[in-house]
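Visitor: For reference, the file final-v6.tsv (TSV, C-alpha atoms (C1' of nucleotides)) is included below:
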```
chain	number	residue	atom	x	y	z
O	30	MET	CA	61.80	33.20	81.05
O	31	ALA	CA	58.65	31.14	81.58
O	32	ARG	CA	58.58	31.96	85.23
O	33	PRO	CA	56.06	30.28	87.53
O	34	LEU	CA	52.50	31.01	86.57
O	35	PRO	CA	50.05	32.10	89.25
O	36	PHE	CA	48.08	28.92	88.56
O	37	ASP	CA	48.62	25.37	87.33
O	38	PRO	CA	48.24	25.46	83.55
O	39	ILE	CA	47.18	21.83	83.46
O	40	GLU	CA	44.40	22.36	86.00
O	41	GLU	CA	43.29	25.37	84.03
O	42	ALA	CA	43.28	23.39	80.79
O	43	GLY	CA	41.19	20.72	82.52
O	44	ARG	CA	38.59	23.34	83.45
O	45	GLN	CA	38.54	24.55	79.87
O	46	TRP	CA	37.97	21.07	78.52
O	47	ASP	CA	34.99	20.73	80.84
O	48	ALA	CA	33.71	24.13	79.79
O	49	GLN	CA	33.86	23.07	76.15
O	50	HIS	CA	31.86	19.97	76.99
O	51	TRP	CA	34.78	17.92	75.77
O	52	ASP	CA	34.77	14.77	77.83
O	53	GLU	CA	37.97	12.99	78.72
O	54	GLY	CA	39.39	16.04	80.43
O	55	GLN	CA	40.61	13.54	83.00
O	56	ALA	CA	42.64	11.64	80.45
O	57	MET	CA	43.88	14.84	78.90
O	58	GLN	CA	45.23	16.00	82.23
O	59	ALA	CA	46.99	12.69	82.76
O	60	ALA	CA	48.52	12.84	79.31
O	61	THR	CA	49.58	16.46	79.62
O	62	SER	CA	51.05	15.76	83.05
O	63	ILE	CA	53.18	13.02	81.60
O	64	MET	CA	54.44	15.29	78.86
O	65	ARG	CA	55.36	18.02	81.29
O	66	ALA	CA	56.89	15.66	83.87
O	67	GLN	CA	59.12	14.20	81.19
O	68	GLN	CA	60.31	17.66	80.27
O	69	ILE	CA	61.18	18.36	83.91
O	70	VAL	CA	62.94	15.08	84.58
O	71	LEU	CA	64.88	15.31	81.34
O	72	SER	CA	66.13	18.82	82.01
O	73	ARG	CA	67.14	17.95	85.58
O	74	VAL	CA	69.10	14.88	84.58
O	75	ASP	CA	70.67	16.68	81.65
O	76	GLU	CA	71.71	19.39	84.09
O	77	ALA	CA	73.30	16.84	86.42
O	78	LEU	CA	75.18	15.31	83.49
O	79	ARG	CA	76.47	18.59	82.08
O	80	PRO	CA	79.94	18.26	83.70
O	81	TRP	CA	80.55	15.17	81.57
O	82	SER	CA	79.03	16.68	78.42
O	83	LEU	CA	76.50	13.89	78.44
O	84	SER	CA	72.80	13.91	77.63
O	85	PHE	CA	70.34	11.57	79.34
O	86	ALA	CA	70.11	9.62	76.10
O	87	ARG	CA	73.85	9.09	75.80
O	88	TYR	CA	74.09	8.36	79.52
O	89	GLU	CA	71.52	5.60	79.14
O	90	VAL	CA	73.61	4.03	76.40
O	91	LEU	CA	76.64	4.04	78.69
O	92	VAL	CA	74.66	2.55	81.59
O	93	LEU	CA	73.35	-0.21	79.38
O	94	LEU	CA	76.85	-1.11	78.25
O	95	HIS	CA	78.06	-0.96	81.83
O	96	PHE	CA	75.37	-3.44	82.86
O	97	SER	CA	76.43	-5.93	80.23
O	98	LYS	CA	79.37	-7.53	81.98
O	99	GLN	CA	81.56	-7.40	78.89
O	100	GLY	CA	80.76	-3.78	78.20
O	101	VAL	CA	79.91	-4.79	74.65
O	102	LEU	CA	76.53	-4.91	72.89
O	103	PRO	CA	75.20	-4.89	69.32
O	104	LEU	CA	73.65	-1.57	68.36
O	105	GLY	CA	70.34	-3.18	67.53
O	106	LYS	CA	70.05	-4.77	70.95
O	107	MET	CA	70.59	-1.41	72.59
O	108	GLY	CA	67.85	0.08	70.47
O	109	ASP	CA	65.44	-2.59	71.65
O	110	ARG	CA	66.32	-2.15	75.30
O	111	LEU	CA	66.15	1.62	75.25
O	112	MET	CA	63.10	1.63	73.00
O	113	LEU	CA	64.84	3.82	70.51
O	114	HIS	CA	64.82	3.85	66.73
O	115	GLN	CA	67.85	2.37	65.00
O	116	ALA	CA	68.77	5.74	63.58
O	117	SER	CA	68.80	7.24	67.08
O	118	ILE	CA	71.25	4.61	68.31
O	119	THR	CA	73.51	5.20	65.34
O	120	ASN	CA	73.45	8.91	66.16
O	121	LEU	CA	74.12	8.43	69.89
O	122	VAL	CA	76.96	5.98	69.34
O	123	ASP	CA	78.46	8.38	66.80
O	124	ARG	CA	78.64	11.07	69.44
O	125	LEU	CA	79.85	8.78	72.20
O	126	GLU	CA	82.56	7.57	69.89
O	127	GLN	CA	83.60	11.16	69.17
O	128	GLN	CA	83.78	11.68	72.93
O	129	GLY	CA	85.99	8.61	73.24
O	130	LEU	CA	83.60	6.88	75.64
O	131	VAL	CA	82.62	4.09	73.29
O	132	LYS	CA	84.24	2.31	70.38
O	133	ARG	CA	82.65	0.50	67.44
O	134	VAL	CA	84.03	-2.99	66.91
O	135	PRO	CA	82.99	-5.58	64.33
O	136	HIS	CA	80.98	-8.58	65.43
O	137	PRO	CA	83.22	-11.68	65.40
O	138	THR	CA	80.89	-13.85	63.33
O	139	ASP	CA	78.08	-11.69	61.89
O	140	ARG	CA	79.47	-9.00	59.64
O	141	ARG	CA	76.14	-7.19	59.48
O	142	THR	CA	76.36	-6.42	63.16
O	143	THR	CA	78.34	-3.65	64.79
O	144	LEU	CA	79.18	-3.82	68.46
O	145	ALA	CA	79.60	-0.84	70.77
O	146	GLU	CA	82.30	-1.31	73.36
O	147	LEU	CA	82.79	0.79	76.48
O	148	THR	CA	86.27	2.31	76.59
O	149	PRO	CA	88.08	2.64	79.94
O	150	GLU	CA	87.17	6.34	79.95
O	151	GLY	CA	83.62	5.36	79.20
O	152	ARG	CA	83.52	3.01	82.13
O	153	SER	CA	84.89	5.46	84.65
O	154	THR	CA	82.68	8.19	83.25
O	155	VAL	CA	79.48	6.22	83.72
O	156	VAL	CA	80.40	5.42	87.32
O	157	ASP	CA	81.14	9.04	88.15
O	158	ALA	CA	78.16	10.40	86.25
O	159	THR	CA	75.85	8.00	88.04
O	160	LYS	CA	76.84	9.51	91.37
O	161	ALA	CA	75.71	12.90	90.07
O	162	VAL	CA	72.48	11.49	88.69
O	163	VAL	CA	71.71	9.79	91.99
O	164	ALA	CA	72.59	12.95	93.90
O	165	ALA	CA	70.05	14.77	91.73
O	166	GLN	CA	67.51	12.15	92.84
O	167	ILE	CA	67.16	11.25	89.18
O	168	GLY	CA	64.87	14.20	88.71
O	169	VAL	CA	62.05	12.99	90.95
O	170	THR	CA	63.16	14.65	94.19
O	171	GLU	CA	59.75	15.59	95.45
O	172	LEU	CA	58.25	12.11	95.36
O	173	THR	CA	58.21	9.77	98.32
O	174	GLU	CA	59.28	6.20	97.80
O	175	ARG	CA	55.64	5.20	97.91
O	176	GLU	CA	54.69	7.72	95.25
O	177	ALA	CA	57.57	6.71	93.03
O	178	LYS	CA	56.38	3.13	93.34
O	179	ASP	CA	52.75	4.00	92.55
O	180	LEU	CA	53.85	6.06	89.60
O	181	HIS	CA	55.96	3.22	88.29
O	182	ARG	CA	53.07	0.79	88.70
O	183	ILE	CA	50.54	2.94	86.85
O	184	LEU	CA	52.90	3.77	84.02
O	185	ARG	CA	53.87	0.13	83.74
O	186	LYS	CA	50.26	-0.65	82.97
O	187	LEU	CA	50.28	2.00	80.29
O	188	ARG	CA	53.49	0.64	78.82
O	189	ALA	CA	52.28	-2.92	78.91
O	190	GLY	CA	49.40	-1.96	76.65
O	191	ALA	CA	51.77	-0.38	74.15
O	192	ASP	CA	53.41	-3.67	73.22
O	193	ASP	CA	56.52	-2.58	74.98
O	194	PHE	CA	57.10	-6.02	76.34
O	195	ASP	CA	55.31	-9.29	76.97
O	196	ALA	CA	53.46	-8.76	80.21
D	25	MET	CA	62.59	-3.17	64.78
D	26	ALA	CA	62.04	-6.26	66.88
D	27	ARG	CA	59.30	-4.82	69.02
D	28	PRO	CA	58.02	-6.49	72.17
D	29	LEU	CA	60.82	-7.75	74.37
D	30	PRO	CA	60.31	-10.91	76.38
D	31	PHE	CA	60.69	-8.84	79.55
D	32	ASP	CA	60.14	-5.31	80.80
D	33	PRO	CA	63.35	-3.40	80.13
D	34	ILE	CA	62.66	-1.01	82.98
D	35	GLU	CA	62.22	-3.81	85.51
D	36	GLU	CA	65.40	-5.36	84.22
D	37	ALA	CA	67.27	-2.07	84.56
D	38	GLY	CA	66.00	-1.81	88.14
D	39	ARG	CA	67.47	-5.22	88.93
D	40	GLN	CA	70.77	-4.14	87.42
D	41	TRP	CA	70.89	-0.99	89.51
D	42	ASP	CA	70.43	-3.13	92.61
D	43	ALA	CA	73.09	-5.55	91.44
D	44	GLN	CA	75.52	-2.65	91.03
D	45	HIS	CA	74.74	-1.56	94.57
D	46	TRP	CA	73.52	1.72	93.14
D	47	ASP	CA	70.77	2.90	95.42
D	48	GLU	CA	67.86	4.92	94.12
D	49	GLY	CA	66.91	2.24	91.65
D	50	GLN	CA	63.36	3.04	92.72
D	51	ALA	CA	63.65	6.65	91.61
D	52	MET	CA	65.43	5.62	88.44
D	53	GLN	CA	62.55	3.35	87.52
D	54	ALA	CA	60.06	6.12	88.12
D	55	ALA	CA	62.08	8.52	85.99
D	56	THR	CA	62.59	6.03	83.19
D	57	SER	CA	58.91	5.13	83.25
D	58	ILE	CA	58.02	8.77	82.75
D	59	MET	CA	60.37	9.04	79.80
D	60	ARG	CA	58.94	5.98	78.15
D	61	ALA	CA	55.32	6.84	78.89
D	62	GLN	CA	55.80	10.24	77.29
D	63	GLN	CA	57.17	8.58	74.19
D	64	ILE	CA	54.12	6.32	73.98
D	65	VAL	CA	51.54	9.03	74.59
D	66	LEU	CA	53.22	11.36	72.13
D	67	SER	CA	53.34	8.82	69.34
D	68	ARG	CA	49.71	7.83	69.89
D	69	VAL	CA	48.41	11.36	69.82
D	70	ASP	CA	50.59	12.23	66.84
D	71	GLU	CA	49.12	9.22	65.11
D	72	ALA	CA	45.57	10.37	65.85
D	73	LEU	CA	46.41	13.83	64.50
D	74	ARG	CA	48.04	12.64	61.31
D	75	PRO	CA	44.91	13.19	59.14
D	76	TRP	CA	45.20	16.93	59.85
D	77	SER	CA	48.98	17.03	59.44
D	78	LEU	CA	49.23	18.20	63.02
D	79	SER	CA	51.74	17.33	65.71
D	80	PHE	CA	50.78	17.25	69.39
D	81	ALA	CA	52.76	20.45	69.88
D	82	ARG	CA	50.94	22.34	67.15
D	83	TYR	CA	47.60	20.88	68.29
D	84	GLU	CA	48.19	22.24	71.77
D	85	VAL	CA	48.75	25.69	70.34
D	86	LEU	CA	45.44	25.48	68.51
D	87	VAL	CA	43.61	24.26	71.62
D	88	LEU	CA	45.03	27.09	73.67
D	89	LEU	CA	43.84	29.64	71.13
D	90	HIS	CA	40.45	27.96	70.96
D	91	PHE	CA	40.10	28.26	74.73
D	92	SER	CA	40.77	31.98	74.66
D	93	LYS	CA	37.36	33.24	73.67
D	94	GLN	CA	38.73	35.67	71.10
D	95	GLY	CA	40.98	33.08	69.52
D	96	VAL	CA	43.86	35.52	69.90
D	97	LEU	CA	46.88	35.39	72.20
D	98	PRO	CA	50.37	36.89	72.38
D	99	LEU	CA	53.08	34.39	71.49
D	100	GLY	CA	54.81	34.86	74.80
D	101	LYS	CA	51.70	34.04	76.78
D	102	MET	CA	51.32	30.81	74.87
D	103	GLY	CA	54.90	29.92	75.66
D	104	ASP	CA	54.23	30.39	79.36
D	105	ARG	CA	51.07	28.31	79.29
D	106	LEU	CA	52.54	25.47	77.30
D	107	MET	CA	55.84	25.63	79.16
D	108	LEU	CA	57.73	26.04	75.94
D	109	HIS	CA	60.72	28.14	75.02
D	110	GLN	CA	60.05	31.30	73.02
D	111	ALA	CA	61.90	29.89	70.06
D	112	SER	CA	59.65	26.83	70.06
D	113	ILE	CA	56.53	28.97	69.89
D	114	THR	CA	57.96	30.98	67.02
D	115	ASN	CA	58.65	27.74	65.21
D	116	LEU	CA	55.20	26.26	65.87
D	117	VAL	CA	53.35	29.40	64.85
D	118	ASP	CA	55.47	29.56	61.69
D	119	ARG	CA	54.25	26.13	60.70
D	120	LEU	CA	50.64	26.72	61.71
D	121	GLU	CA	50.70	29.89	59.67
D	122	GLN	CA	52.01	27.98	56.65
D	123	GLN	CA	49.13	25.56	57.16
D	124	GLY	CA	46.68	28.47	57.20
D	125	LEU	CA	45.38	27.57	60.65
D	126	VAL	CA	46.74	30.61	62.43
D	127	LYS	CA	47.60	34.16	61.42
D	128	ARG	CA	50.08	36.58	62.98
D	129	VAL	CA	48.55	39.99	63.72
D	130	PRO	CA	50.18	42.99	65.38
D	131	HIS	CA	49.26	43.90	68.92
D	132	PRO	CA	47.09	47.04	68.91
D	133	THR	CA	49.15	48.99	71.43
D	134	ASP	CA	52.43	47.16	72.09
D	135	ARG	CA	54.47	46.91	68.94
D	136	ARG	CA	56.89	44.44	70.50
D	137	THR	CA	54.14	41.89	70.80
D	138	THR	CA	52.83	39.62	68.08
D	139	LEU	CA	49.45	37.99	68.41
D	140	ALA	CA	48.49	34.64	66.98
D	141	GLU	CA	44.91	34.49	65.74
D	142	LEU	CA	42.97	31.35	64.94
D	143	THR	CA	41.66	31.38	61.36
D	144	PRO	CA	38.23	29.90	60.54
D	145	GLU	CA	40.01	26.81	59.20
D	146	GLY	CA	42.03	26.68	62.38
D	147	ARG	CA	38.91	26.75	64.50
D	148	SER	CA	37.12	24.00	62.64
D	149	THR	CA	40.32	21.95	62.52
D	150	VAL	CA	40.84	22.03	66.26
D	151	VAL	CA	37.25	20.92	66.86
D	152	ASP	CA	37.52	18.01	64.44
D	153	ALA	CA	40.98	17.01	65.58
D	154	THR	CA	39.87	16.98	69.19
D	155	LYS	CA	37.29	14.32	68.39
D	156	ALA	CA	40.08	12.12	67.07
D	157	VAL	CA	42.28	12.80	70.07
D	158	VAL	CA	39.47	11.96	72.45
D	159	ALA	CA	38.66	8.83	70.48
D	160	ALA	CA	42.29	7.78	70.93
D	161	GLN	CA	41.77	8.27	74.68
D	162	ILE	CA	44.52	10.87	74.52
D	163	GLY	CA	47.05	8.07	74.52
D	164	VAL	CA	46.26	6.72	77.99
D	165	THR	CA	43.72	4.08	76.93
D	166	GLU	CA	44.71	1.45	79.41
D	167	LEU	CA	44.26	3.59	82.52
D	168	THR	CA	41.09	3.68	84.54
D	169	GLU	CA	39.70	7.02	85.57
D	170	ARG	CA	41.02	6.39	89.06
D	171	GLU	CA	44.52	5.65	87.76
D	172	ALA	CA	44.50	8.69	85.52
D	173	LYS	CA	43.57	10.76	88.54
D	174	ASP	CA	46.27	9.24	90.75
D	175	LEU	CA	48.82	9.75	88.03
D	176	HIS	CA	47.83	13.36	87.64
D	177	ARG	CA	48.04	13.90	91.39
D	178	ILE	CA	51.51	12.41	91.76
D	179	LEU	CA	52.91	14.22	88.75
D	180	ARG	CA	51.34	17.44	89.94
D	181	LYS	CA	53.45	17.16	93.06
D	182	LEU	CA	56.53	16.66	90.93
D	183	ARG	CA	55.64	19.66	88.78
D	184	ALA	CA	54.88	21.85	91.77
D	185	GLY	CA	58.42	21.31	92.98
D	186	ALA	CA	59.81	22.39	89.63
D	187	ASP	CA	58.54	25.94	89.97
D	188	ASP	CA	56.04	25.26	87.27
D	189	PHE	CA	53.41	27.30	89.06
D	190	ASP	CA	52.62	28.78	92.45
D	191	ALA	CA	51.17	25.89	94.41
L	23	DC	C1'	72.88	-24.16	45.42
L	24	DC	C1'	70.66	-19.95	44.88
L	25	DA	C1'	67.07	-16.44	44.65
L	26	DG	C1'	64.19	-13.93	47.73
L	27	DA	C1'	63.24	-12.65	52.43
L	28	DA	C1'	64.91	-11.08	56.67
L	29	DT	C1'	68.23	-8.57	59.44
L	30	DA	C1'	71.71	-4.83	60.77
L	31	DC	C1'	73.25	-0.52	60.26
L	32	DT	C1'	73.73	4.10	58.02
L	33	DT	C1'	72.03	8.10	55.60
L	34	DT	C1'	68.90	11.72	54.66
L	35	DG	C1'	65.26	14.63	55.81
L	36	DA	C1'	61.36	16.48	58.63
L	37	DC	C1'	60.19	18.07	63.32
L	38	DC	C1'	60.75	19.64	67.84
L	39	DT	C1'	63.39	21.43	71.88
L	40	DC	C1'	66.64	24.34	74.02
L	41	DC	C1'	70.21	28.11	74.39
L	42	DA	C1'	72.49	32.27	73.07
L	43	DA	C1'	72.68	36.26	70.52
L	44	DC	C1'	70.34	39.98	68.15
L	45	DT	C1'	66.73	43.62	66.97
L	46	DA	C1'	62.97	46.31	68.27
L	47	DT	C1'	60.14	48.37	71.57
L	48	DC	C1'	58.45	49.66	76.10
L	49	DT	C1'	59.17	51.37	81.11
L	50	DG	C1'	60.92	53.41	85.02
L	51	DT	C1'	63.99	56.60	87.11
L	52	DC	C1'	66.57	60.52	87.57
A	12	DG	C1'	62.93	64.02	78.39
A	13	DA	C1'	66.85	60.67	78.02
A	14	DC	C1'	68.91	56.53	78.97
A	15	DA	C1'	69.46	51.96	81.23
A	16	DG	C1'	67.16	47.87	81.81
A	17	DA	C1'	63.33	44.84	80.98
A	18	DT	C1'	60.46	42.50	77.62
A	19	DA	C1'	58.89	40.35	72.91
A	20	DG	C1'	60.00	37.92	69.18
A	21	DT	C1'	63.26	36.00	65.62
A	22	DT	C1'	67.42	33.67	64.06
A	23	DG	C1'	71.06	30.27	64.02
A	24	DG	C1'	73.12	26.23	65.91
A	25	DA	C1'	73.33	21.83	68.57
A	26	DG	C1'	70.89	17.77	69.98
A	27	DG	C1'	67.44	14.34	69.81
A	28	DT	C1'	63.51	11.52	67.64
A	29	DC	C1'	61.34	9.14	63.95
A	30	DA	C1'	60.37	7.40	59.06
A	31	DA	C1'	61.90	5.87	54.76
A	32	DA	C1'	65.29	4.52	51.62
A	33	DG	C1'	69.82	2.44	50.66
A	34	DT	C1'	73.74	-1.01	51.32
A	35	DA	C1'	75.58	-5.13	53.01
A	36	DT	C1'	75.17	-9.62	54.91
A	37	DT	C1'	72.86	-13.75	56.52
A	38	DC	C1'	69.14	-16.97	56.45
A	39	DT	C1'	65.85	-20.11	54.20
A	40	DG	C1'	63.00	-22.87	51.22
A	41	DG	C1'	62.67	-25.22	46.91
```
For this file, write the structure as structure tokens.
Guide:
Amino acid sequence: MARPLPFDPIEEAGRQWDAQHWDEGQAMQAATSIMRAQQIVLSRVDEALRPWSLSFARYEVLVLLHFSKQGVLPLGKMGDRLMLHQASITNLVDRLEQQGLVKRVPHPTDRRTTLAELTPEGRSTVVDATKAVVAAQIGVTELTEREAKDLHRILRKLRAGADDFDA
Amino acid sequence: MARPLPFDPIEEAGRQWDAQHWDEGQAMQAATSIMRAQQIVLSRVDEALRPWSLSFARYEVLVLLHFSKQGVLPLGKMGDRLMLHQASITNLVDRLEQQGLVKRVPHPTDRRTTLAELTPEGRSTVVDATKAVVAAQIGVTELTEREAKDLHRILRKLRAGADDFDA
DNA sequence: CCAGAATACTTTGACCTCCAACTATCTGTC
DNA sequence: GACAGATAGTTGGAGGTCAAAGTATTCTGG
């Protein structure tokens, strides 16, 4: 369903905003574009990850653990890095644990903290899955390197203003 | 939630990709930036809409109806325009109907089709809510007009490749 | 030392998204 | 005209996100 429209719905919406004498149609188009682009990128990466029964969200958790040389991180730290709510991390680690890709282990000194540890299957899975994600061009196939860089730069400015990180 | 990190997690991830000799770190950063930017824009607009108990998704439905001069559209058409699954439209119209902002009416000639009609409350709500959304700069406050335009242009290219519309 | 504040995680519940399956209704073709 | 296939919408289920409340543990200031 939802086959290609004969026009760009975001351009059309922009014209309508102008017609309504609502200013900021420019900003609305930027915002709407972001929403739609996210939807596209997410579905493409999810598609590429389907063979491993992974979602983008769970894949990101695995990548983060893979980057930490020990393959072990506190749940809270992962939430900060991935900009996700605590409850979301709990949920994702639950599922990854059910899949046998991650294991919860107690923190050696702080009993409040739970660590997530990459299992051997988890480690090989993230390496294989990454090949598929890269092959899918991480969902931004139609952008040149220059455009990807510009995009990153502009969105970084947006993120910096959202208290995402100390700029 | 320990908010601002002392560094940009997306830049850091980019460094890690390089360190792993995974190419395409550039594309990964662009993709991740889109994901995060969407999260920011969504939460800002949702925040601005809170006084009307509206989500961005339901607000978009109202705007779309407002743009159609009659304030009436078939559910399927709205799904196409908003790039949403049929089931999502059903869900959103259910809630808008419960809020008294929209009413389902039968199509005059095609009994398969259901029309959504903006109620008087719905029409005044969308006008008021739009003022709040515009005041919040539609979630892209920190972008200049030029940046918003560049962003829109780049993402339009991405969307065009996703069969979103006939380019 | 100990009471209160801060931190870490889980649980529950509200939304939103998609897919797949199902019902009802048109449409086109023989 | 009848029937197969397309189209419109709803339902149910799986994920994912957040907020708020609850439990457990650690930290801190008097």
Visitor: Can you measure atom CA of D:Glu169 to atom CA of O:Gly168 for me? One decimal in Å is fine.
Guide: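 Distance reported for this atom pair: 26.4 Å.
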Visitor: Hey, which bits of chain A sit within 12 Å of stretch 122-134 of chain D, and for each residue what's the closest pair of atoms and how far apart in Å (one decimal), counting all atoms listed in the file, rows by chain and increasing number, as a Markdown table?
Guide:
```
| residue | atom | partner | partner_atom | distance |
| --- | --- | --- | --- | --- |
| A:DT18 | C1' | D:Asp134 | CA | 10.8 |
| A:DA19 | C1' | D:Asp134 | CA | 9.4 |
| A:DG20 | C1' | D:Pro130 | CA | 11.7 |
```
Visitor: When distances are computed from only C-alpha atoms (C1' of nucleotides), which of O:Ala191, O:Ala116, O:Ile63, O:Ala161 shows the smallest separation from A:DA31?
Guide: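 Selected residue with least distance to A:DA31: O:Ala116.
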Visitor: Do you have the atom CA of D:Gln50-atom CA of D:Glu36 distance handy?
Guide: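 Spanning atom CA of D:Gln50 to atom CA of D:Glu36 is a straight-line distance of 12.1 Å.
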Visitor: For a cut-off of 10 Å around (74.8, -16.7, 56.8), file coordinates, pick out all residues using all atoms listed in the file and list them as a list in words.
Guide: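 It turns out the residues near that spot are Thr138, Asp139, Arg140 and Arg141 of chain O; DT36, DT37, DC38 and DT39 of chain A.
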Visitor: Hey, can I get the axis-aligned box for stretch 29-45 of chain L? All listed atoms, 5 Å padding on each side, centre and edge lengths in Å to one decimal, as AutoDock Vina command-line options.
Guide:
```
--center_x 67.0 --center_y 17.5 --center_z 64.5 --size_x 23.5 --size_y 62.2 --size_z 29.7
```
Visitor: Could you list, as a list of chain:residue names, every residue of chain L that has an atom within 12 Å of an atom of chain D, counting all atoms listed in the file?
Guide: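 So the contacting residues turn out to be L:DA28, L:DT29, L:DA30, L:DC31, L:DA36, L:DC37, L:DC38, L:DT39, L:DC40, L:DC41, L:DA42, L:DT45, L:DA46, L:DT47, L:DC48.
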Visitor: Could you check which of D:Val164, D:Leu139, D:Val96, D:Leu120 is closest to chain O, using all atoms listed in the file?
Guide: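 Using all atoms listed in the file, the shortest distance to chain O belongs to D:Val164.
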Visitor: Hey, can you check how far atom CA of O:Trp51 sits from atom CA of D:Gly95?
Guide: 17.5 Å
Visitor: Nearest to chain A: which of D:Lys101, D:Arg82, D:His90, D:His45 is it, counting all atoms listed in the file?
Guide: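 Closest residue, counting all atoms listed in the file: D:Lys101.
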Visitor: Point out the residue among O:Met112, O:Leu184, O:Ala165, O:Ala189 with the least atom-to-atom distance to O:Ala60, counting all atoms listed in the file.
Guide: O:Leu184
Visitor: Got a sec: who's within 12 Å of D:Ala54, counting only C-alpha atoms (C1' of nucleotides), leaving out chain neighbours fewer than 4 positions off, as an MDAnalysis selection string?
Guide: (chainID O and resid 63 66:67 70 166:185) or (chainID D and resid 34:35 37:38 48:50 58:61 175 178:179 182)
Visitor: Please return, as an MDAnalysis selection string, all residues of chain A lying within 9 Å of chain O when only C-alpha atoms (C1' of nucleotides) are considered.
Guide: chainID A and resid 26:29 35:37
Visitor: From the options D:Trp41, D:Phe189, D:Tyr83, D:Trp76, which residue's atoms come nearest to chain O, counting only C-alpha atoms?
Guide: D:Phe189
